[in-house]
Amino acid sequence: MTFAARGAVGHLRARGWMGPLAALLASIVLFSLVTDTFFTADNLSLLLEQSVVIGLLALGQTIIVLTAGIDLANGAIAVLGTLVVAKHAASAGQAAAGLVCALSICTALGMASGGLITRLRLPPFIVTLGMLTVVSAAGRLYSQSRNYPVSVDLLTVFGRGLNIGHASLSYGVVLMLVLYAAIEYVLAQTAWGRHVRAIGGNSEAARRMGVSVDRTVVSVYAVGGLLYGLAAWASLGRIPNADANAYQTANLESITAAVLGGTSLFGGRGSAVGTLLGTLIVVVLRSGLTQAGIDALYQEVATGILVVLAVALDAVARRGRP
Amino acid sequence: MDPARHERPRTKTSRRAVALLIAALPLACSCKSSGRADGLPLIGLVTKTETNPFFVKLREAATVRAAQQGAEVIALAGKFDGDSEGQVTAIESLVSKGVRGILVTPSNSSAILGAVKRARDKGILVTALDTATEPADAVDGTFATDNREAGRLQGAWLRAALAGKVAKIVMLNGTPGSAVDTARRDGFLQGFGIEDGDAAIVGRADAYGDQTKAQAAMENLLQAHPDATVVYTINEPTARGAYAAISARGKQGQILIGSIDGSCGGVADVKEGRLGATVMQFPKRMAEDGIDAVLQYTKTGKRPAGFVDTGAVLITDRPQPGLASEKTAFGLASCWG
């Protein structure tokens, strides 16, 4: 092995990307071998498009889980975002205003979760469970049980993109990759990122080191909310229709993606890039097993087994710690 | 940093990689044994969920019909009623897989149109089963119950069977905003001869076609309106939940329940007097017509035309004058699930 290659492997290992990356590559190779429809430019482009919404929700979930928190309300918040923007566009023709409004509401809801968790010292699970229930119901009330199809170019922009031969790259995929890169950079290179991990590792120790724990946690949930709002915008590019019944299981899928990517539910350990790999694993499994002609329920079985395995490995790794 | 710290993450990550690889192995084996029989035309079926017996029947009937004609069905579904994202992903996977036709029961009548168009642009025949798309001509054809007519039959029977007693109606609706929910509810109101918002409607709830939710909703509505006389239900699981709530309060026989579905359990409920009447749908016919349409298209290039009503038959042992119906004996012979 050359020095450079050894350096690259060491880098992957040190960041915890090695396991998820190996699993992703293994499944891609596997499905490319057993089917002749999986490894095509067309299908691989689709896989990326299918990752966008869940990927953005999982990115918000990741920074929250890094603080040893959890967000059960992310899908519901994104759905409310789609309803706000689509209803604005439909009733008043104000797509841009609706978008600003939706992004603000999503950010504010995230911030509200963070505020309740820090001010009242409540467990994140309970706060976001309440938020999930309230926001889902609010979405149904606000939509008056109607669907709102959208046709404005601004709102569906993330469904369009560039064609390169048989492959295509949608702006939604670009948005997702840019946001992942940005969050990865912020987590790895800034004081805020180090504070987030420190709080997840041991919040009392972080406080003694002078980290403003409450303010940081609120900011994490607010950034999460903003990411959910962007996920809402991207989802209108994929399905140009706002429906209060959509994305009911997205919260659990986002946790699945984060966990498969090596983010520890105990907090402190994990990365944005890991979650991107985790999201891709879920999407590749779903598509690959379909291409291989395997019943949809076995796809769920496979995903479930992988999640338990990933968490078990994390627990074993933690017990091994001094 | 001490050297021991460097060692630990390495063993951890490589162990994780190995374990994940091992987990992937059985998948490889099962893929091979499932065998993609070459030459057989593949037909995709995308239902709303995997769990509702109606969709299970649809899937069974499609698989059997396809096998008889030398074709193979790949069945996929959303995770829950309303999972348009799951249905779009399923359609995309089927297109990648190279199916000749796709039969879809849309969870949301307009949300999946983009994916449907991309499939049709590639020369794949797409038909709707059970639920129409909006607009209906976004697919090559629709094989479904006329849900408005099914609702109308339920409403007309309840009105007639009430025989002049005061109507105090409880409506247990399905998934708010869905096309089926709207059509059956509008049909019921027409059949019963009232407008939406009529004072005779004393209570309503969205039970999402779910027995547990329906039971809880009916329990609460009975607390508020113990004098209810009529219950409209969107489907039989909802009716079963309503009956459980009603019988728990000892009110069975005092409140008329109508429903829609025609499952064997539902028809038995009618026979035993738990339900007054149900309106039978024919999922087997929907699935068979859908499969036939795809196979005809692959052979001759002929596309099905528009909306095909697969029928709705009122099943009751208390027939009402002027309202065509069949007895439960017929119902038990032709029920599903």
# chains A, B, ... in the order shown; residues from 1 in each chain; ligands from 1
$ closest_atom_pairs --of "chain A" --to "chain B" --cutoff "7 Å" --atoms "only C-alpha atoms" --output "CSV"
residue,atom,partner,partner_atom,distance
A:Arg13,CA,B:Arg10,CA,6.1
A:Ala14,CA,B:Pro9,CA,6.6
A:Gly16,CA,B:Thr13,CA,6.4
A:Met18,CA,B:Thr13,CA,6.1
A:Gly19,CA,B:Ala17,CA,4.1
A:Ala22,CA,B:Ala17,CA,5.8
A:Ala23,CA,B:Leu20,CA,5.6
A:Ala26,CA,B:Leu21,CA,6.6
A:Ser27,CA,B:Ala24,CA,6.8
A:Leu30,CA,B:Ala28,CA,6.5
A:Val34,CA,B:Cys31,CA,6.6
A:Thr37,CA,B:Lys97,CA,5.6
A:Asn43,CA,B:Ser96,CA,6.0
A:Gln50,CA,B:Thr89,CA,6.9
A:Ser145,CA,B:Gly177,CA,4.9
A:Arg146,CA,B:Gly177,CA,4.9
A:Asn147,CA,B:Gly177,CA,6.5
A:Ile239,CA,B:Ala111,CA,5.8
A:Pro240,CA,B:Ala111,CA,6.6
A:Asn241,CA,B:Ala111,CA,5.5
A:Asn245,CA,B:Gly82,CA,5.0
A:Ala246,CA,B:Asp83,CA,5.4
A:Tyr247,CA,B:Asp83,CA,6.4
A:Ser287,CA,B:Ser93,CA,5.9
A:Thr290,CA,B:Ser93,CA,6.6
A:Gln291,CA,B:Lys97,CA,5.4
A:Ala292,CA,B:Cys31,CA,5.7
A:Gly293,CA,B:Ile74,CA,6.7
A:Ala296,CA,B:Leu76,CA,5.8
A:Leu313,CA,B:Arg16,CA,6.4
A:Ala317,CA,B:Lys12,CA,6.2
$ select_by_dssp --residues "range 246-333 of chain B" --states "strand (DSSP E or B)" --output "number ranges by chain"
B: 256-261, 263, 277-280, 307-309, 313-315, 326
$ atom_distance --atom1 "CA of His225 in chain B" --atom2 "CA of Gly266 in chain B"
25.4 Å
$ atom_distance --atom1 "CA of His195 in chain A" --atom2 "CA of Thr256 in chain A"
24.2 Å
$ residues_around --residues "Thr216 in chain A" --least-positions-apart "3" --cutoff "9 Å" --atoms "only C-alpha atoms" --output "JSON, numbers by chain"
{"A": [192, 195, 196, 199, 211, 212, 213, 219, 220, 221]}
$ residues_around --residues "range 98-110 of chain A" --least-positions-apart "5" --cutoff "8 Å" --atoms "only C-alpha atoms" --output "PyMOL selection string"
chain A and resi 77-78+80-82+84-89+155+221-226+228-230+233
$ write_last_selection --atoms "N, CA and C atoms" --output "PDB file, in the first residue's frame"
ATOM      1  N   ILE A  77     -42.670  18.649  10.657  1.00  0.00           N
ATOM      2  CA  ILE A  77     -42.326  20.055  10.434  1.00  0.00           C
ATOM      3  C   ILE A  77     -42.151  20.321   8.934  1.00  0.00           C
ATOM      4  N   ALA A  78     -41.479  19.397   8.241  1.00  0.00           N
ATOM      5  CA  ALA A  78     -41.292  19.572   6.795  1.00  0.00           C
ATOM      6  C   ALA A  78     -42.634  19.558   6.068  1.00  0.00           C
ATOM      7  N   LEU A  80     -45.542  20.443   7.259  1.00  0.00           N
ATOM      8  CA  LEU A  80     -46.199  21.730   7.504  1.00  0.00           C
ATOM      9  C   LEU A  80     -45.583  22.799   6.592  1.00  0.00           C
ATOM     10  N   GLY A  81     -44.246  22.734   6.422  1.00  0.00           N
ATOM     11  CA  GLY A  81     -43.575  23.669   5.519  1.00  0.00           C
ATOM     12  C   GLY A  81     -44.126  23.592   4.096  1.00  0.00           C
ATOM     13  N   THR A  82     -44.309  22.366   3.586  1.00  0.00           N
ATOM     14  CA  THR A  82     -44.838  22.231   2.217  1.00  0.00           C
ATOM     15  C   THR A  82     -46.251  22.799   2.130  1.00  0.00           C
ATOM     16  N   VAL A  84     -47.598  25.208   4.014  1.00  0.00           N
ATOM     17  CA  VAL A  84     -47.580  26.670   4.112  1.00  0.00           C
ATOM     18  C   VAL A  84     -47.229  27.283   2.758  1.00  0.00           C
ATOM     19  N   VAL A  85     -46.159  26.781   2.145  1.00  0.00           N
ATOM     20  CA  VAL A  85     -45.722  27.387   0.895  1.00  0.00           C
ATOM     21  C   VAL A  85     -46.733  27.107  -0.220  1.00  0.00           C
ATOM     22  N   ALA A  86     -47.275  25.886  -0.272  1.00  0.00           N
ATOM     23  CA  ALA A  86     -48.190  25.548  -1.361  1.00  0.00           C
ATOM     24  C   ALA A  86     -49.513  26.296  -1.223  1.00  0.00           C
ATOM     25  N   LYS A  87     -49.972  26.469   0.013  1.00  0.00           N
ATOM     26  CA  LYS A  87     -51.242  27.173   0.204  1.00  0.00           C
ATOM     27  C   LYS A  87     -51.070  28.656  -0.137  1.00  0.00           C
ATOM     28  N   HIS A  88     -49.935  29.231   0.273  1.00  0.00           N
ATOM     29  CA  HIS A  88     -49.643  30.611  -0.110  1.00  0.00           C
ATOM     30  C   HIS A  88     -49.650  30.769  -1.617  1.00  0.00           C
ATOM     31  N   ALA A  89     -48.950  29.854  -2.293  1.00  0.00           N
ATOM     32  CA  ALA A  89     -48.830  29.942  -3.750  1.00  0.00           C
ATOM     33  C   ALA A  89     -50.198  29.784  -4.405  1.00  0.00           C
ATOM     34  N   LEU A 155     -40.874  26.920  -6.881  1.00  0.00           N
ATOM     35  CA  LEU A 155     -41.096  25.897  -5.860  1.00  0.00           C
ATOM     36  C   LEU A 155     -40.646  24.517  -6.305  1.00  0.00           C
ATOM     37  N   TYR A 221     -31.126  22.924  17.263  1.00  0.00           N
ATOM     38  CA  TYR A 221     -32.501  22.591  16.858  1.00  0.00           C
ATOM     39  C   TYR A 221     -33.022  23.593  15.821  1.00  0.00           C
ATOM     40  N   ALA A 222     -32.564  24.865  15.935  1.00  0.00           N
ATOM     41  CA  ALA A 222     -33.000  25.861  14.956  1.00  0.00           C
ATOM     42  C   ALA A 222     -32.408  25.548  13.580  1.00  0.00           C
ATOM     43  N   VAL A 223     -31.119  25.200  13.541  1.00  0.00           N
ATOM     44  CA  VAL A 223     -30.502  24.831  12.257  1.00  0.00           C
ATOM     45  C   VAL A 223     -31.206  23.590  11.702  1.00  0.00           C
ATOM     46  N   GLY A 224     -31.522  22.642  12.605  1.00  0.00           N
ATOM     47  CA  GLY A 224     -32.275  21.464  12.184  1.00  0.00           C
ATOM     48  C   GLY A 224     -33.581  21.881  11.520  1.00  0.00           C
ATOM     49  N   GLY A 225     -34.316  22.797  12.159  1.00  0.00           N
ATOM     50  CA  GLY A 225     -35.586  23.270  11.613  1.00  0.00           C
ATOM     51  C   GLY A 225     -35.421  23.884  10.233  1.00  0.00           C
ATOM     52  N   LEU A 226     -34.360  24.673  10.065  1.00  0.00           N
ATOM     53  CA  LEU A 226     -34.102  25.295   8.760  1.00  0.00           C
ATOM     54  C   LEU A 226     -33.852  24.213   7.703  1.00  0.00           C
ATOM     55  N   TYR A 228     -35.049  21.206   7.754  1.00  0.00           N
ATOM     56  CA  TYR A 228     -36.337  20.569   7.459  1.00  0.00           C
ATOM     57  C   TYR A 228     -37.125  21.429   6.465  1.00  0.00           C
ATOM     58  N   GLY A 229     -37.028  22.757   6.640  1.00  0.00           N
ATOM     59  CA  GLY A 229     -37.702  23.661   5.710  1.00  0.00           C
ATOM     60  C   GLY A 229     -37.152  23.497   4.299  1.00  0.00           C
ATOM     61  N   LEU A 230     -35.825  23.376   4.203  1.00  0.00           N
ATOM     62  CA  LEU A 230     -35.216  23.170   2.886  1.00  0.00           C
ATOM     63  C   LEU A 230     -35.616  21.805   2.317  1.00  0.00           C
ATOM     64  N   TRP A 233     -38.929  22.256   0.736  1.00  0.00           N
ATOM     65  CA  TRP A 233     -38.806  22.886  -0.584  1.00  0.00           C
ATOM     66  C   TRP A 233     -38.359  21.848  -1.614  1.00  0.00           C
TER      67      TRP A 233
END
$ select_by_dssp --residues "range 99-281 of chain A" --states "alpha helix (DSSP H)" --output "ChimeraX atom specification"
/A:99-119,124-143,153-156,171-189,191-201,203-208,213-238,250-260,272-281
$ residues_around --residues "Gly141 in chain B" --least-positions-apart "5" --cutoff "10 Å" --atoms "only C-alpha atoms" --output "mmCIF file with N, CA and C atoms, in the first residue's frame"
data_model
loop_
_atom_site.group_PDB
_atom_site.id
_atom_site.type_symbol
_atom_site.label_atom_id
_atom_site.label_comp_id
_atom_site.auth_asym_id
_atom_site.auth_seq_id
_atom_site.Cartn_x
_atom_site.Cartn_y
_atom_site.Cartn_z
ATOM 1 N N LEU B 103 -49.439 -1.313 -12.617
ATOM 2 C CA LEU B 103 -50.783 -1.109 -12.080
ATOM 3 C C LEU B 103 -50.616 -0.409 -10.746
ATOM 4 N N LEU B 125 -47.066 0.825 -20.095
ATOM 5 C CA LEU B 125 -48.495 1.044 -19.907
ATOM 6 C C LEU B 125 -48.775 1.214 -18.417
ATOM 7 N N VAL B 126 -49.420 2.314 -18.045
ATOM 8 C CA VAL B 126 -49.744 2.533 -16.632
ATOM 9 C C VAL B 126 -51.256 2.614 -16.479
ATOM 10 N N THR B 127 -51.832 1.747 -15.615
ATOM 11 C CA THR B 127 -53.261 1.846 -15.341
ATOM 12 C C THR B 127 -53.473 2.014 -13.846
ATOM 13 N N ALA B 128 -54.551 2.707 -13.509
ATOM 14 C CA ALA B 128 -54.918 2.879 -12.103
ATOM 15 C C ALA B 128 -55.880 1.769 -11.711
ATOM 16 N N LEU B 129 -55.698 1.223 -10.516
ATOM 17 C CA LEU B 129 -56.633 0.249 -9.962
ATOM 18 C C LEU B 129 -57.251 0.852 -8.718
ATOM 19 N N ALA B 132 -58.904 6.372 -8.910
ATOM 20 C CA ALA B 132 -58.561 7.092 -10.134
ATOM 21 C C ALA B 132 -57.527 8.169 -9.843
ATOM 22 N N THR B 133 -56.787 8.565 -10.872
ATOM 23 C CA THR B 133 -55.894 9.711 -10.741
ATOM 24 C C THR B 133 -56.678 10.978 -11.083
ATOM 25 N N ALA B 136 -58.111 12.019 -14.657
ATOM 26 C CA ALA B 136 -58.198 10.572 -14.883
ATOM 27 C C ALA B 136 -57.387 10.139 -16.102
ATOM 28 N N GLY B 290 -56.604 -5.411 -15.033
ATOM 29 C CA GLY B 290 -55.359 -4.646 -15.149
ATOM 30 C C GLY B 290 -54.259 -5.479 -15.792
ATOM 31 N N ALA B 293 -54.990 -6.053 -19.432
ATOM 32 C CA ALA B 293 -54.753 -4.850 -20.234
ATOM 33 C C ALA B 293 -53.272 -4.714 -20.587
ATOM 34 N N ARG B 303 -54.243 0.043 -26.199
ATOM 35 C CA ARG B 303 -54.370 0.551 -24.837
ATOM 36 C C ARG B 303 -55.808 0.468 -24.355
ATOM 37 N N PRO B 304 -56.024 0.228 -23.055
ATOM 38 C CA PRO B 304 -57.396 0.213 -22.552
ATOM 39 C C PRO B 304 -58.014 1.604 -22.652
ATOM 40 N N ALA B 305 -59.331 1.660 -22.604
ATOM 41 C CA ALA B 305 -59.995 2.942 -22.799
ATOM 42 C C ALA B 305 -60.645 3.420 -21.513
ATOM 43 N N GLY B 306 -60.202 4.548 -21.014
ATOM 44 C CA GLY B 306 -60.892 5.280 -19.960
ATOM 45 C C GLY B 306 -61.199 4.510 -18.692
ATOM 46 N N PHE B 307 -62.370 4.774 -18.121
ATOM 47 C CA PHE B 307 -62.753 4.232 -16.828
ATOM 48 C C PHE B 307 -63.554 2.953 -17.008
ATOM 49 N N VAL B 308 -63.119 1.871 -16.390
ATOM 50 C CA VAL B 308 -63.891 0.639 -16.400
ATOM 51 C C VAL B 308 -64.435 0.414 -14.995
#
$ decode --residues "range 118-162 of chain B" --atoms "N, CA and C atoms" --output "PDB file, in the first residue's frame"
ATOM      1  N   ARG B 118     -43.289   9.918 -16.491  1.00  0.00           N
ATOM      2  CA  ARG B 118     -41.951   9.458 -16.903  1.00  0.00           C
ATOM      3  C   ARG B 118     -42.000   7.990 -17.327  1.00  0.00           C
ATOM      4  N   ALA B 119     -42.815   7.197 -16.631  1.00  0.00           N
ATOM      5  CA  ALA B 119     -42.948   5.781 -17.005  1.00  0.00           C
ATOM      6  C   ALA B 119     -43.612   5.647 -18.372  1.00  0.00           C
ATOM      7  N   ARG B 120     -44.692   6.396 -18.598  1.00  0.00           N
ATOM      8  CA  ARG B 120     -45.407   6.295 -19.882  1.00  0.00           C
ATOM      9  C   ARG B 120     -44.549   6.794 -21.032  1.00  0.00           C
ATOM     10  N   ASP B 121     -43.705   7.820 -20.747  1.00  0.00           N
ATOM     11  CA  ASP B 121     -42.814   8.330 -21.788  1.00  0.00           C
ATOM     12  C   ASP B 121     -41.840   7.253 -22.262  1.00  0.00           C
ATOM     13  N   LYS B 122     -41.591   6.268 -21.384  1.00  0.00           N
ATOM     14  CA  LYS B 122     -40.685   5.183 -21.775  1.00  0.00           C
ATOM     15  C   LYS B 122     -41.437   4.024 -22.407  1.00  0.00           C
ATOM     16  N   GLY B 123     -42.711   4.235 -22.721  1.00  0.00           N
ATOM     17  CA  GLY B 123     -43.468   3.193 -23.397  1.00  0.00           C
ATOM     18  C   GLY B 123     -44.077   2.160 -22.476  1.00  0.00           C
ATOM     19  N   ILE B 124     -44.139   2.468 -21.172  1.00  0.00           N
ATOM     20  CA  ILE B 124     -44.745   1.534 -20.222  1.00  0.00           C
ATOM     21  C   ILE B 124     -46.224   1.868 -20.068  1.00  0.00           C
ATOM     22  N   LEU B 125     -47.066   0.825 -20.095  1.00  0.00           N
ATOM     23  CA  LEU B 125     -48.495   1.044 -19.907  1.00  0.00           C
ATOM     24  C   LEU B 125     -48.775   1.214 -18.417  1.00  0.00           C
ATOM     25  N   VAL B 126     -49.420   2.314 -18.045  1.00  0.00           N
ATOM     26  CA  VAL B 126     -49.744   2.533 -16.632  1.00  0.00           C
ATOM     27  C   VAL B 126     -51.256   2.614 -16.479  1.00  0.00           C
ATOM     28  N   THR B 127     -51.832   1.747 -15.615  1.00  0.00           N
ATOM     29  CA  THR B 127     -53.261   1.846 -15.341  1.00  0.00           C
ATOM     30  C   THR B 127     -53.473   2.014 -13.846  1.00  0.00           C
ATOM     31  N   ALA B 128     -54.551   2.707 -13.509  1.00  0.00           N
ATOM     32  CA  ALA B 128     -54.918   2.879 -12.103  1.00  0.00           C
ATOM     33  C   ALA B 128     -55.880   1.769 -11.711  1.00  0.00           C
ATOM     34  N   LEU B 129     -55.698   1.223 -10.516  1.00  0.00           N
ATOM     35  CA  LEU B 129     -56.633   0.249  -9.962  1.00  0.00           C
ATOM     36  C   LEU B 129     -57.251   0.852  -8.718  1.00  0.00           C
ATOM     37  N   ASP B 130     -58.542   0.626  -8.503  1.00  0.00           N
ATOM     38  CA  ASP B 130     -59.233   0.987  -7.264  1.00  0.00           C
ATOM     39  C   ASP B 130     -59.431   2.487  -7.080  1.00  0.00           C
ATOM     40  N   THR B 131     -58.416   3.298  -7.349  1.00  0.00           N
ATOM     41  CA  THR B 131     -58.523   4.738  -7.142  1.00  0.00           C
ATOM     42  C   THR B 131     -58.091   5.452  -8.422  1.00  0.00           C
ATOM     43  N   ALA B 132     -58.904   6.372  -8.910  1.00  0.00           N
ATOM     44  CA  ALA B 132     -58.561   7.092 -10.134  1.00  0.00           C
ATOM     45  C   ALA B 132     -57.527   8.169  -9.843  1.00  0.00           C
ATOM     46  N   THR B 133     -56.787   8.565 -10.872  1.00  0.00           N
ATOM     47  CA  THR B 133     -55.894   9.711 -10.741  1.00  0.00           C
ATOM     48  C   THR B 133     -56.678  10.978 -11.083  1.00  0.00           C
ATOM     49  N   GLU B 134     -56.127  12.122 -10.721  1.00  0.00           N
ATOM     50  CA  GLU B 134     -56.724  13.405 -11.100  1.00  0.00           C
ATOM     51  C   GLU B 134     -55.702  14.215 -11.880  1.00  0.00           C
ATOM     52  N   PRO B 135     -55.855  14.477 -13.163  1.00  0.00           N
ATOM     53  CA  PRO B 135     -56.994  14.063 -13.996  1.00  0.00           C
ATOM     54  C   PRO B 135     -56.925  12.576 -14.337  1.00  0.00           C
ATOM     55  N   ALA B 136     -58.111  12.019 -14.657  1.00  0.00           N
ATOM     56  CA  ALA B 136     -58.198  10.572 -14.883  1.00  0.00           C
ATOM     57  C   ALA B 136     -57.387  10.139 -16.102  1.00  0.00           C
ATOM     58  N   ASP B 137     -57.188  11.051 -17.088  1.00  0.00           N
ATOM     59  CA  ASP B 137     -56.477  10.635 -18.299  1.00  0.00           C
ATOM     60  C   ASP B 137     -54.956  10.715 -18.150  1.00  0.00           C
ATOM     61  N   ALA B 138     -54.469  10.900 -16.929  1.00  0.00           N
ATOM     62  CA  ALA B 138     -53.024  10.855 -16.689  1.00  0.00           C
ATOM     63  C   ALA B 138     -52.507   9.419 -16.781  1.00  0.00           C
ATOM     64  N   VAL B 139     -53.427   8.431 -16.717  1.00  0.00           N
ATOM     65  CA  VAL B 139     -53.037   7.033 -16.885  1.00  0.00           C
ATOM     66  C   VAL B 139     -53.725   6.469 -18.126  1.00  0.00           C
ATOM     67  N   ASP B 140     -53.324   5.248 -18.532  1.00  0.00           N
ATOM     68  CA  ASP B 140     -53.867   4.657 -19.751  1.00  0.00           C
ATOM     69  C   ASP B 140     -55.255   4.075 -19.548  1.00  0.00           C
ATOM     70  N   GLY B 141     -55.689   3.971 -18.308  1.00  0.00           N
ATOM     71  CA  GLY B 141     -57.013   3.425 -18.059  1.00  0.00           C
ATOM     72  C   GLY B 141     -57.187   3.240 -16.564  1.00  0.00           C
ATOM     73  N   THR B 142     -58.442   3.120 -16.121  1.00  0.00           N
ATOM     74  CA  THR B 142     -58.711   2.958 -14.698  1.00  0.00           C
ATOM     75  C   THR B 142     -59.689   1.807 -14.505  1.00  0.00           C
ATOM     76  N   PHE B 143     -59.334   0.859 -13.635  1.00  0.00           N
ATOM     77  CA  PHE B 143     -60.232  -0.240 -13.305  1.00  0.00           C
ATOM     78  C   PHE B 143     -60.577  -0.085 -11.838  1.00  0.00           C
ATOM     79  N   ALA B 144     -61.797   0.350 -11.559  1.00  0.00           N
ATOM     80  CA  ALA B 144     -62.104   0.694 -10.174  1.00  0.00           C
ATOM     81  C   ALA B 144     -63.591   0.587  -9.899  1.00  0.00           C
ATOM     82  N   THR B 145     -63.888   0.540  -8.599  1.00  0.00           N
ATOM     83  CA  THR B 145     -65.265   0.691  -8.157  1.00  0.00           C
ATOM     84  C   THR B 145     -65.676   2.134  -8.426  1.00  0.00           C
ATOM     85  N   ASP B 146     -66.930   2.323  -8.853  1.00  0.00           N
ATOM     86  CA  ASP B 146     -67.457   3.680  -8.894  1.00  0.00           C
ATOM     87  C   ASP B 146     -67.773   4.029  -7.433  1.00  0.00           C
ATOM     88  N   ASN B 147     -66.831   4.700  -6.773  1.00  0.00           N
ATOM     89  CA  ASN B 147     -66.950   4.896  -5.325  1.00  0.00           C
ATOM     90  C   ASN B 147     -68.111   5.802  -4.941  1.00  0.00           C
ATOM     91  N   ARG B 148     -68.460   6.703  -5.838  1.00  0.00           N
ATOM     92  CA  ARG B 148     -69.610   7.552  -5.577  1.00  0.00           C
ATOM     93  C   ARG B 148     -70.880   6.708  -5.545  1.00  0.00           C
ATOM     94  N   GLU B 149     -70.969   5.778  -6.502  1.00  0.00           N
ATOM     95  CA  GLU B 149     -72.125   4.879  -6.564  1.00  0.00           C
ATOM     96  C   GLU B 149     -72.160   3.975  -5.327  1.00  0.00           C
ATOM     97  N   ALA B 150     -70.989   3.496  -4.896  1.00  0.00           N
ATOM     98  CA  ALA B 150     -70.926   2.643  -3.706  1.00  0.00           C
ATOM     99  C   ALA B 150     -71.432   3.412  -2.489  1.00  0.00           C
ATOM    100  N   GLY B 151     -71.013   4.666  -2.362  1.00  0.00           N
ATOM    101  CA  GLY B 151     -71.482   5.503  -1.262  1.00  0.00           C
ATOM    102  C   GLY B 151     -72.980   5.748  -1.363  1.00  0.00           C
ATOM    103  N   ARG B 152     -73.453   5.969  -2.609  1.00  0.00           N
ATOM    104  CA  ARG B 152     -74.872   6.249  -2.817  1.00  0.00           C
ATOM    105  C   ARG B 152     -75.724   5.058  -2.387  1.00  0.00           C
ATOM    106  N   LEU B 153     -75.266   3.842  -2.751  1.00  0.00           N
ATOM    107  CA  LEU B 153     -76.012   2.635  -2.371  1.00  0.00           C
ATOM    108  C   LEU B 153     -76.105   2.511  -0.848  1.00  0.00           C
ATOM    109  N   GLN B 154     -74.989   2.772  -0.171  1.00  0.00           N
ATOM    110  CA  GLN B 154     -75.002   2.693   1.295  1.00  0.00           C
ATOM    111  C   GLN B 154     -76.004   3.706   1.866  1.00  0.00           C
ATOM    112  N   GLY B 155     -75.925   4.945   1.344  1.00  0.00           N
ATOM    113  CA  GLY B 155     -76.807   6.009   1.845  1.00  0.00           C
ATOM    114  C   GLY B 155     -78.274   5.695   1.600  1.00  0.00           C
ATOM    115  N   ALA B 156     -78.572   5.213   0.378  1.00  0.00           N
ATOM    116  CA  ALA B 156     -79.969   4.933   0.029  1.00  0.00           C
ATOM    117  C   ALA B 156     -80.527   3.813   0.902  1.00  0.00           C
ATOM    118  N   TRP B 157     -79.697   2.772   1.166  1.00  0.00           N
ATOM    119  CA  TRP B 157     -80.173   1.662   1.993  1.00  0.00           C
ATOM    120  C   TRP B 157     -80.429   2.135   3.425  1.00  0.00           C
ATOM    121  N   LEU B 158     -79.498   2.929   3.970  1.00  0.00           N
ATOM    122  CA  LEU B 158     -79.656   3.400   5.350  1.00  0.00           C
ATOM    123  C   LEU B 158     -80.924   4.241   5.481  1.00  0.00           C
ATOM    124  N   ARG B 159     -81.163   5.109   4.496  1.00  0.00           N
ATOM    125  CA  ARG B 159     -82.359   5.961   4.521  1.00  0.00           C
ATOM    126  C   ARG B 159     -83.625   5.093   4.512  1.00  0.00           C
ATOM    127  N   ALA B 160     -83.636   4.087   3.595  1.00  0.00           N
ATOM    128  CA  ALA B 160     -84.834   3.248   3.466  1.00  0.00           C
ATOM    129  C   ALA B 160     -85.026   2.376   4.710  1.00  0.00           C
ATOM    130  N   ALA B 161     -83.900   1.813   5.235  1.00  0.00           N
ATOM    131  CA  ALA B 161     -84.004   0.887   6.364  1.00  0.00           C
ATOM    132  C   ALA B 161     -84.392   1.608   7.651  1.00  0.00           C
ATOM    133  N   LEU B 162     -84.161   2.906   7.696  1.00  0.00           N
ATOM    134  CA  LEU B 162     -84.511   3.706   8.862  1.00  0.00           C
ATOM    135  C   LEU B 162     -86.033   3.769   9.023  1.00  0.00           C
TER     136      LEU B 162
END
